[in-house]
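For reference, input-v7.tsv is printed below; it contains TSV, C-alpha atoms.
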chain	number	residue	atom	x	y	z
A	1	MET	CA	21.11	-54.31	-6.11
A	2	LYS	CA	17.75	-55.07	-4.55
A	3	GLN	CA	16.13	-52.43	-2.38
A	4	VAL	CA	17.45	-52.49	1.17
A	5	LYS	CA	14.87	-52.60	3.92
A	6	THR	CA	16.82	-54.12	6.79
A	7	ILE	CA	20.36	-53.32	7.94
A	8	GLY	CA	22.46	-55.49	10.22
A	9	VAL	CA	25.32	-54.15	12.33
A	10	LEU	CA	28.12	-56.10	13.98
A	11	THR	CA	31.48	-55.52	15.63
A	12	SER	CA	34.36	-57.83	14.78
A	13	GLY	CA	37.98	-58.31	15.77
A	14	GLY	CA	39.46	-56.57	18.80
A	15	ASP	CA	37.17	-54.22	20.68
A	16	ALA	CA	37.93	-50.51	20.62
A	17	PRO	CA	36.57	-47.52	22.56
A	18	GLY	CA	34.06	-45.73	20.33
A	19	MET	CA	32.53	-48.87	18.84
A	20	ASN	CA	29.39	-48.25	20.88
A	21	ALA	CA	29.19	-44.72	19.52
A	22	ALA	CA	29.39	-46.17	16.00
A	23	ILE	CA	26.67	-48.73	16.75
A	24	ARG	CA	24.49	-45.95	18.14
A	25	SER	CA	25.03	-43.86	15.03
A	26	VAL	CA	24.22	-46.73	12.65
A	27	VAL	CA	21.05	-47.61	14.54
A	28	ARG	CA	19.70	-44.10	14.89
A	29	THR	CA	20.64	-42.98	11.38
A	30	GLY	CA	19.19	-46.19	9.99
A	31	ILE	CA	15.88	-45.70	11.78
A	32	TYR	CA	15.83	-42.04	10.73
A	33	TYR	CA	15.99	-43.12	7.08
A	34	GLY	CA	13.29	-45.74	7.54
A	35	PHE	CA	15.37	-48.90	7.80
A	36	LYS	CA	14.83	-51.76	10.19
A	37	VAL	CA	18.10	-52.31	12.09
A	38	ILE	CA	19.23	-55.69	13.43
A	39	GLY	CA	22.04	-56.00	15.97
A	40	ILE	CA	24.23	-59.06	15.33
A	41	LYS	CA	25.93	-60.29	18.50
A	42	LYS	CA	29.49	-61.64	18.80
A	43	GLY	CA	30.54	-60.73	15.27
A	44	TYR	CA	30.35	-63.24	12.45
A	45	ASN	CA	29.81	-65.98	15.02
A	46	GLY	CA	26.46	-64.40	15.88
A	47	LEU	CA	25.53	-64.12	12.22
A	48	ILE	CA	26.17	-67.82	11.61
A	49	ASN	CA	24.17	-68.82	14.68
A	50	GLY	CA	21.34	-66.31	14.29
A	51	ASP	CA	22.18	-64.53	17.54
A	52	VAL	CA	20.47	-61.28	16.58
A	53	GLU	CA	17.95	-58.77	17.89
A	54	GLU	CA	16.06	-55.85	16.43
A	55	MET	CA	17.45	-52.52	17.63
A	56	SER	CA	15.35	-49.52	18.59
A	57	LEU	CA	16.20	-45.92	19.42
A	58	ARG	CA	16.17	-46.90	23.09
A	59	SER	CA	18.45	-49.91	22.46
A	60	VAL	CA	21.39	-47.54	22.04
A	61	SER	CA	20.60	-45.05	24.79
A	62	ASP	CA	23.35	-44.33	27.32
A	63	ILE	CA	26.07	-46.22	25.46
A	64	ILE	CA	28.02	-43.45	23.72
A	65	HIS	CA	30.30	-43.04	26.75
A	66	ARG	CA	30.96	-46.75	27.25
A	67	GLY	CA	34.06	-48.59	26.09
A	68	GLY	CA	33.96	-52.04	24.50
A	69	THR	CA	30.97	-53.06	22.41
A	70	ILE	CA	27.43	-53.84	23.55
A	71	LEU	CA	27.14	-56.28	20.64
A	72	GLN	CA	30.32	-58.06	21.80
A	73	THR	CA	32.88	-59.62	19.51
A	74	ALA	CA	34.36	-63.10	19.08
A	75	ARG	CA	36.66	-65.13	16.85
A	76	CYS	CA	34.90	-67.32	14.31
A	77	PRO	CA	37.10	-69.90	12.51
A	78	GLU	CA	33.96	-71.38	10.90
A	79	PHE	CA	33.34	-68.13	9.04
A	80	LYS	CA	36.63	-68.59	7.18
A	81	THR	CA	35.25	-71.70	5.50
A	82	GLU	CA	32.93	-71.90	2.49
A	83	ALA	CA	30.39	-73.76	4.58
A	84	GLY	CA	30.48	-71.05	7.24
A	85	LEU	CA	30.05	-68.27	4.69
A	86	LYS	CA	27.08	-70.02	3.10
A	87	LYS	CA	25.51	-70.51	6.52
A	88	ALA	CA	26.03	-66.82	7.37
A	89	ALA	CA	24.48	-65.70	4.08
A	90	ALA	CA	21.55	-68.06	4.61
A	91	MET	CA	21.00	-66.70	8.11
A	92	ALA	CA	21.02	-63.14	6.76
A	93	GLU	CA	18.27	-64.22	4.37
A	94	VAL	CA	16.30	-65.82	7.20
A	95	PHE	CA	16.17	-62.52	9.06
A	96	GLY	CA	15.75	-60.44	5.92
A	97	ILE	CA	19.05	-58.64	6.40
A	98	ASP	CA	19.87	-56.95	3.08
A	99	ALA	CA	23.05	-55.12	4.13
A	100	ILE	CA	25.49	-55.41	7.03
A	101	VAL	CA	27.62	-52.66	8.56
A	102	VAL	CA	30.85	-54.23	9.83
A	103	ILE	CA	32.83	-52.29	12.45
A	104	GLY	CA	36.38	-53.63	12.72
A	105	GLY	CA	39.75	-53.92	11.01
A	106	ASP	CA	41.30	-55.51	7.93
A	107	GLY	CA	40.51	-59.05	9.05
A	108	SER	CA	36.87	-58.10	9.51
A	109	TYR	CA	36.85	-56.49	6.06
A	110	ARG	CA	38.23	-59.63	4.44
A	111	GLY	CA	35.43	-61.59	6.03
A	112	ALA	CA	32.92	-59.00	4.80
A	113	ARG	CA	34.32	-59.18	1.27
A	114	ASP	CA	33.98	-62.97	1.28
A	115	LEU	CA	30.41	-62.66	2.52
A	116	SER	CA	29.56	-60.15	-0.22
A	117	LYS	CA	30.26	-62.86	-2.81
A	118	TYR	CA	27.21	-64.67	-1.48
A	119	GLY	CA	24.90	-61.75	-2.14
A	120	VAL	CA	25.06	-59.79	1.12
A	121	ASN	CA	25.84	-56.08	0.73
A	122	VAL	CA	28.52	-54.95	3.22
A	123	ILE	CA	29.81	-51.58	4.39
A	124	GLY	CA	32.92	-51.37	6.59
A	125	ILE	CA	33.77	-48.88	9.32
A	126	PRO	CA	37.40	-48.73	10.60
A	127	GLY	CA	37.56	-49.71	14.25
A	128	THR	CA	40.86	-50.70	15.90
A	129	ILE	CA	43.12	-49.06	18.47
A	130	ASP	CA	46.20	-49.87	16.36
A	131	ASN	CA	45.28	-47.39	13.58
A	132	ASP	CA	46.70	-49.89	11.10
A	133	ILE	CA	44.02	-49.91	8.39
A	134	GLY	CA	45.70	-49.00	5.12
A	135	CYS	CA	42.83	-47.09	3.55
A	136	SER	CA	42.13	-44.79	6.50
A	137	GLU	CA	44.20	-42.16	8.28
A	138	TYR	CA	42.22	-42.72	11.46
A	139	THR	CA	40.44	-45.61	13.16
A	140	ILE	CA	37.90	-45.66	15.97
A	141	GLY	CA	39.54	-46.25	19.35
A	142	TYR	CA	43.00	-44.99	18.44
A	143	ASP	CA	42.77	-41.63	20.21
A	144	THR	CA	41.43	-43.18	23.41
A	145	ALA	CA	44.21	-45.77	23.43
A	146	LEU	CA	46.82	-43.04	23.00
A	147	ASN	CA	45.43	-41.13	25.96
A	148	THR	CA	45.29	-44.28	28.09
A	149	VAL	CA	48.94	-45.03	27.37
A	150	GLN	CA	49.95	-41.41	27.92
A	151	ASP	CA	48.33	-41.44	31.35
A	152	ALA	CA	50.29	-44.59	32.22
A	153	ILE	CA	53.56	-43.04	31.00
A	154	ASP	CA	53.02	-39.95	33.14
A	155	LYS	CA	52.45	-42.07	36.24
A	156	ILE	CA	55.39	-44.38	35.56
A	157	ARG	CA	57.66	-41.41	34.83
A	158	ASP	CA	56.95	-40.03	38.32
A	159	THR	CA	58.20	-43.17	40.03
A	160	ALA	CA	61.09	-43.56	37.55
A	161	TYR	CA	62.28	-40.07	38.47
A	162	SER	CA	62.00	-40.80	42.19
A	163	HIS	CA	64.23	-43.87	41.89
A	164	GLU	CA	66.43	-42.77	38.98
A	165	ARG	CA	65.20	-45.74	36.98
A	166	CYS	CA	64.71	-46.66	33.36
A	167	SER	CA	61.12	-47.70	32.61
A	168	VAL	CA	60.50	-49.99	29.64
A	169	LEU	CA	56.84	-49.91	28.55
A	170	GLU	CA	55.36	-52.38	26.09
A	171	VAL	CA	52.35	-50.99	24.25
A	172	MET	CA	49.97	-52.61	21.76
A	173	GLY	CA	50.80	-52.75	18.08
A	174	ARG	CA	51.61	-56.22	16.80
A	175	HIS	CA	52.31	-55.19	13.23
A	176	ALA	CA	52.17	-51.39	13.45
A	177	GLY	CA	53.93	-48.90	15.69
A	178	TYR	CA	51.47	-45.99	15.51
A	179	ILE	CA	50.70	-46.08	19.22
A	180	ALA	CA	54.36	-46.46	20.15
A	181	ILE	CA	55.73	-43.62	18.02
A	182	ASN	CA	53.07	-41.11	19.03
A	183	VAL	CA	53.16	-41.79	22.77
A	184	GLY	CA	56.93	-41.86	22.51
A	185	ILE	CA	56.85	-38.28	21.29
A	186	SER	CA	54.08	-37.11	23.62
A	187	GLY	CA	55.64	-38.87	26.61
A	188	GLY	CA	59.20	-37.71	26.03
A	189	ALA	CA	60.63	-41.21	25.63
A	190	GLU	CA	64.35	-41.62	25.14
A	191	VAL	CA	63.91	-44.68	22.90
A	192	VAL	CA	61.04	-45.98	20.75
A	193	LEU	CA	61.21	-49.46	19.23
A	194	LEU	CA	58.87	-50.21	16.32
A	195	PRO	CA	57.92	-53.43	14.46
A	196	GLU	CA	58.51	-51.55	11.19
A	197	ARG	CA	62.22	-51.21	11.97
A	198	THR	CA	64.88	-53.61	13.17
A	199	PHE	CA	67.05	-52.41	16.04
A	200	ASP	CA	70.44	-53.04	17.57
A	201	ILE	CA	70.31	-53.18	21.38
A	202	ASN	CA	73.69	-51.47	21.80
A	203	LYS	CA	73.32	-48.76	19.17
A	204	ASP	CA	69.62	-47.99	19.43
A	205	VAL	CA	68.92	-48.56	23.14
A	206	ILE	CA	72.05	-48.66	25.33
A	207	LYS	CA	73.96	-45.84	23.61
A	208	PRO	CA	71.21	-43.15	23.78
A	209	ILE	CA	70.55	-43.99	27.44
A	210	ILE	CA	74.23	-43.69	28.37
A	211	GLU	CA	74.52	-40.47	26.36
A	212	GLY	CA	71.51	-39.13	28.22
A	213	ARG	CA	73.06	-40.04	31.56
A	214	ASN	CA	76.25	-38.26	30.56
A	215	ARG	CA	74.18	-35.13	29.87
A	216	GLY	CA	72.73	-35.31	33.36
A	217	LYS	CA	69.48	-37.24	32.85
A	218	LYS	CA	68.24	-39.04	35.95
A	219	HIS	CA	65.42	-41.21	34.53
A	220	TYR	CA	64.54	-42.77	31.19
A	221	VAL	CA	61.53	-44.11	29.31
A	222	VAL	CA	61.77	-46.75	26.57
A	223	ILE	CA	58.62	-47.53	24.53
A	224	VAL	CA	58.43	-50.97	22.94
A	225	ALA	CA	55.67	-51.90	20.47
A	226	GLU	CA	54.04	-55.28	21.05
A	227	GLY	CA	55.29	-56.52	17.69
A	228	VAL	CA	58.88	-55.99	18.86
A	229	GLY	CA	58.23	-57.66	22.20
A	230	GLY	CA	60.81	-58.61	24.77
A	231	ALA	CA	60.25	-55.68	27.14
A	232	ILE	CA	61.42	-57.73	30.12
A	233	GLU	CA	64.56	-58.88	28.29
A	234	ILE	CA	65.28	-55.34	27.09
A	235	ALA	CA	64.98	-54.03	30.65
A	236	LYS	CA	67.41	-56.70	31.87
A	237	ALA	CA	69.89	-55.81	29.12
A	238	ILE	CA	69.73	-52.11	30.01
A	239	GLU	CA	70.40	-52.80	33.67
A	240	GLU	CA	73.26	-55.20	32.93
A	241	LYS	CA	74.98	-52.95	30.40
A	242	THR	CA	74.47	-49.54	32.06
A	243	GLY	CA	74.10	-50.27	35.75
A	244	ILE	CA	70.87	-48.22	35.70
A	245	GLU	CA	67.99	-49.91	37.49
A	246	ALA	CA	65.38	-50.85	34.88
A	247	ARG	CA	61.79	-52.06	35.19
A	248	ALA	CA	59.48	-53.43	32.50
A	249	THR	CA	55.74	-52.74	32.35
A	250	ILE	CA	53.45	-54.47	29.85
A	251	LEU	CA	50.28	-52.37	29.60
A	252	GLY	CA	48.29	-55.05	27.77
A	253	HIS	CA	44.53	-54.89	27.40
A	254	ILE	CA	44.10	-51.84	29.59
A	255	GLN	CA	44.69	-49.98	26.30
A	256	ARG	CA	41.49	-51.40	24.79
A	257	GLY	CA	39.14	-50.26	27.53
A	258	GLY	CA	37.86	-47.04	29.00
A	259	SER	CA	35.43	-44.31	28.08
A	260	PRO	CA	36.13	-43.03	24.54
A	261	THR	CA	37.53	-39.55	24.04
A	262	VAL	CA	35.56	-36.76	22.38
A	263	ARG	CA	37.41	-37.39	19.12
A	264	ASP	CA	36.56	-41.08	19.10
A	265	ARG	CA	32.90	-40.41	19.92
A	266	VAL	CA	32.54	-37.82	17.19
A	267	MET	CA	34.47	-39.75	14.53
A	268	ALA	CA	32.54	-42.94	15.30
A	269	SER	CA	29.27	-41.05	15.00
A	270	ILE	CA	30.25	-39.52	11.65
A	271	LEU	CA	31.56	-42.79	10.21
A	272	GLY	CA	28.50	-44.73	11.36
A	273	SER	CA	26.13	-42.23	9.82
A	274	ARG	CA	28.05	-42.20	6.52
A	275	ALA	CA	27.85	-46.00	6.33
A	276	VAL	CA	24.06	-45.85	6.50
A	277	GLU	CA	23.94	-43.03	3.96
A	278	LEU	CA	25.91	-45.19	1.52
A	279	ILE	CA	23.35	-47.95	1.91
A	280	ARG	CA	20.53	-45.43	1.45
A	281	ASP	CA	22.16	-44.22	-1.78
A	282	GLY	CA	22.47	-47.74	-3.18
A	283	ALA	CA	26.22	-48.21	-2.66
A	284	ALA	CA	27.46	-51.76	-2.13
A	285	ASN	CA	30.59	-53.31	-0.66
A	286	ARG	CA	32.35	-50.12	0.37
A	287	ILE	CA	34.69	-49.12	3.20
A	288	VAL	CA	34.19	-45.76	4.92
A	289	ALA	CA	37.52	-44.09	5.67
A	290	VAL	CA	39.30	-40.85	6.55
A	291	LYS	CA	41.62	-39.21	4.02
A	292	ASP	CA	43.09	-35.72	4.33
A	293	SER	CA	40.78	-35.26	7.34
A	294	LYS	CA	37.71	-35.85	5.13
A	295	ILE	CA	35.27	-38.76	5.15
A	296	VAL	CA	35.57	-40.83	1.98
A	297	ASP	CA	34.70	-44.36	0.86
A	298	TYR	CA	36.41	-47.01	-1.24
A	299	ASP	CA	35.50	-50.22	-2.98
A	300	ILE	CA	36.28	-53.00	-0.52
A	301	ASP	CA	38.86	-54.68	-2.78
A	302	GLU	CA	40.62	-51.36	-3.38
A	303	ALA	CA	40.62	-50.63	0.35
A	304	LEU	CA	42.16	-53.97	1.24
A	305	ASP	CA	44.97	-53.43	-1.27
A	306	MET	CA	45.99	-50.11	0.31
A	307	LYS	CA	49.00	-49.88	2.61
A	308	LYS	CA	50.31	-47.17	4.91
A	309	THR	CA	53.52	-46.74	6.84
A	310	ILE	CA	54.75	-44.52	9.62
A	311	ASP	CA	56.18	-41.24	8.34
A	312	ASP	CA	59.98	-41.33	8.57
A	313	LYS	CA	59.90	-37.68	9.62
A	314	LEU	CA	57.89	-38.66	12.70
A	315	ILE	CA	60.50	-41.26	13.63
A	316	GLU	CA	63.27	-38.70	13.10
A	317	LEU	CA	61.41	-36.19	15.25
A	318	SER	CA	61.16	-38.64	18.13
A	319	MET	CA	64.93	-39.11	18.04
A	320	ILE	CA	65.62	-35.38	17.86
A	321	LEU	CA	63.32	-34.58	20.78
A	322	ALA	CA	64.84	-37.37	22.89
A	323	LEU	CA	68.27	-35.67	22.95
Please express the file's structure as structure tokens.
Amino acid sequence: MKQVKTIGVLTSGGDAPGMNAAIRSVVRTGIYYGFKVIGIKKGYNGLINGDVEEMSLRSVSDIIHRGGTILQTARCPEFKTEAGLKKAAAMAEVFGIDAIVVIGGDGSYRGARDLSKYGVNVIGIPGTIDNDIGCSEYTIGYDTALNTVQDAIDKIRDTAYSHERCSVLEVMGRHAGYIAINVGISGGAEVVLLPERTFDINKDVIKPIIEGRNRGKKHYVVIVAEGVGGAIEIAKAIEEKTGIEARATILGHIQRGGSPTVRDRVMASILGSRAVELIRDGAANRIVAVKDSKIVDYDIDEALDMKKTIDDKLIELSMILAL
């Protein structure tokens, strides 16, 4: 691999609290080690169109506490084509970008892997609130999203208790229920519905609510992952079958925003720094990840082949604690 003099950094896919902390870490660590650092705006779209700017130490001042991403992010269908990839690689050459740090999820990594075939060194950092990257136990933004949802549950529980209602909350997680299962446990939910498991409305939702009422419960919380969907319909079914007033709340993109937690700021800083260190040490096409609470890295193809699933014991625990 040729000597790297200039590093690019971009954020891709859905935004996540802590991405700015990662950008800050990449820029400052890169400059510390003598690299020129280029910020690429709006993800791969910005790379194709040359929407870039050189970053300085001051460029990333006062951003560690901000949600979202100062580099912004956007979808880029063109990048999925051979012509788009060639254009992106050519633009990297125009600006002398030898390596690119990509902050995002699996989709972003697949794009990075495709780009690497055209001679651009890539290093990935896991950033998504869904925590659904197979190679990493933890992703930037996940902890903040959990705390945002937990705050909403606490507020909704107050009004549910006052009116003896059942509250059905839909949280993010199109293909993975990590947010749902963890806030279900931390929020004392009676029912948690996950995309990883099919459910029967009578057995898995109506029955535990009625059993809870028979034990003297006066209010109920049902957590529904986005991938399951149908929170409004589930609330209607609960009210029709139990006579308990039910209300649905879809939290939506509020879960993506907000100031990142301490954990997200620290993890993003560590992951960003490690990405630059890999480039400094001559590593190419790697994904930085967390395994057994330690920072590791994998070949990008190996990382994309990895899968992870929710621990069955965690699902069992949520059911036990809901009794």
Which of A:Asp132, A:Asp143, A:Glu302, A:Glu239 sits closest to Ile206 in chain A [using only C-alpha atoms]: A:Glu239
Please, which residues in range 166-284 of chain A fall within 7 Å of range 23-45 of chain A when counting only C-alpha atoms, and what is the closest atom pair and distance in Å to one decimal for each, ordered by chain then residue number, as CSV?
residue,atom,partner,partner_atom,distance
A:Ser269,CA,A:Ser25,CA,5.1
A:Gly272,CA,A:Val26,CA,4.9
A:Ser273,CA,A:Ser25,CA,5.6
A:Val276,CA,A:Gly30,CA,6.0
Of the candidates A:Ile103, A:Val52, A:Ile64, A:Leu314, which one gets nearest to Leu10 in chain A if we count all atoms listed in the file?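 Smallest distance to Leu10 in chain A is found for A:Ile103.
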Of the candidates A:Lys294, A:Lys87, A:Lys117, A:Arg197, which one gets nearest to Ile310 in chain A if we count all atoms listed in the file?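 Of A:Lys294, A:Lys87, A:Lys117, A:Arg197, the one nearest Ile310 in chain A is A:Arg197, counting all atoms listed in the file.
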Contacts of Ile153 in chain A at 9 Å or less, counting only C-alpha atoms, minus same-chain residues fewer than 4 places along, as a CSV table (one decimal) with C-alpha atoms, in the coordinates of the input?
chain,number,residue,atom,x,y,z
A,148,THR,CA,45.3,-44.3,28.1
A,149,VAL,CA,48.9,-45.0,27.4
A,157,ARG,CA,57.7,-41.4,34.8
A,158,ASP,CA,57.0,-40.0,38.3
A,169,LEU,CA,56.8,-49.9,28.6
A,183,VAL,CA,53.2,-41.8,22.8
A,187,GLY,CA,55.6,-38.9,26.6
A,221,VAL,CA,61.5,-44.1,29.3
CA of Val120 in chain A and CA of Thr11 in chain A are how many Å apart?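 About the pair CA of Val120 in chain A and CA of Thr11 in chain A: they are 16.4 Å apart.
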Using the file's own x, y and z axes, so that the box edges lie along x, y and z, what centre and edge lengths in Å (one decimal) does a box around every listed atom of range 91-103 of chain A get when 6 Å is added on each side? Give it as JSON.
{"center_x": 24.3, "center_y": -59.5, "center_z": 7.8, "size_x": 29.1, "size_y": 26.4, "size_z": 21.4}
Nearest to Gly107 in chain A among A:Val191, A:Ile223, A:Cys76, A:Ile254, with distances taken over only C-alpha atoms: which residue is it? A:Cys76
What is the distance between CA of Leu115 in chain A and CA of Ala303 in chain A, in Å to one decimal?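 If I compute the distance from CA of Leu115 in chain A to CA of Ala303 in chain A, I get 15.9 Å.
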Residues within 9 Å of Gly84 in chain A, please, as a ChimeraX atom specification. Count only C-alpha atoms; anything in the same chain fewer than 6 positions from it doesn't count. /A:48,77-78
Please indicate the distance in Å from CA of Tyr178 in chain A to CA of Gly13 in chain A, rounded to one decimal place. 18.3 Å
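With distances taken over all atoms listed in the file, A:Ala16 is the one residue among A:Val205, A:Leu271, A:Ile279, A:Ala16 lying closest to Thr128 in chain A.
The shell of residues at most 7 Å from Ala284 in chain A, with only C-alpha atoms counted and near chain neighbours (fewer than 5 positions) removed, consists of Asn121, Val122, Ile123 and Ile279 of chain A.
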Residues near Arg213 in chain A, cut-off 12 Å, all atoms listed in the file, skip fewer than 2 positions along chain, as number ranges by chain: A: 164-166, 190, 206-211, 215-220, 242-244, 323
Could you name the residues that touch Arg110 in chain A at 9 Å or less, counting all atoms listed in the file, but leaving out those on the same chain fewer than 5 positions away, as a ChimeraX atom specification? /A:105,115,300-301,304
Kindly save the residues from that selection, with C-alpha atoms included, as a compact mmCIF listing (two decimals), in the frame of the given file.
# COMPACT_ATOMS: atom_id res chain seq x y z
CA GLY A 105 39.75 -53.92 11.01
CA LEU A 115 30.41 -62.66 2.52
CA ILE A 300 36.28 -53.00 -0.52
CA ASP A 301 38.86 -54.68 -2.78
CA LEU A 304 42.16 -53.97 1.24
Within 8 Å of file point (51.1, -48.2, 13.7), counting all atoms listed in the file, expressed as number ranges by chain: A: 130-132, 173, 175-181, 309-310
Using only C-alpha atoms, the residue out of A:Gly14, A:Gly127, A:Gly96, A:Gly229 with shortest distance to Glu54 in chain A is A:Gly96
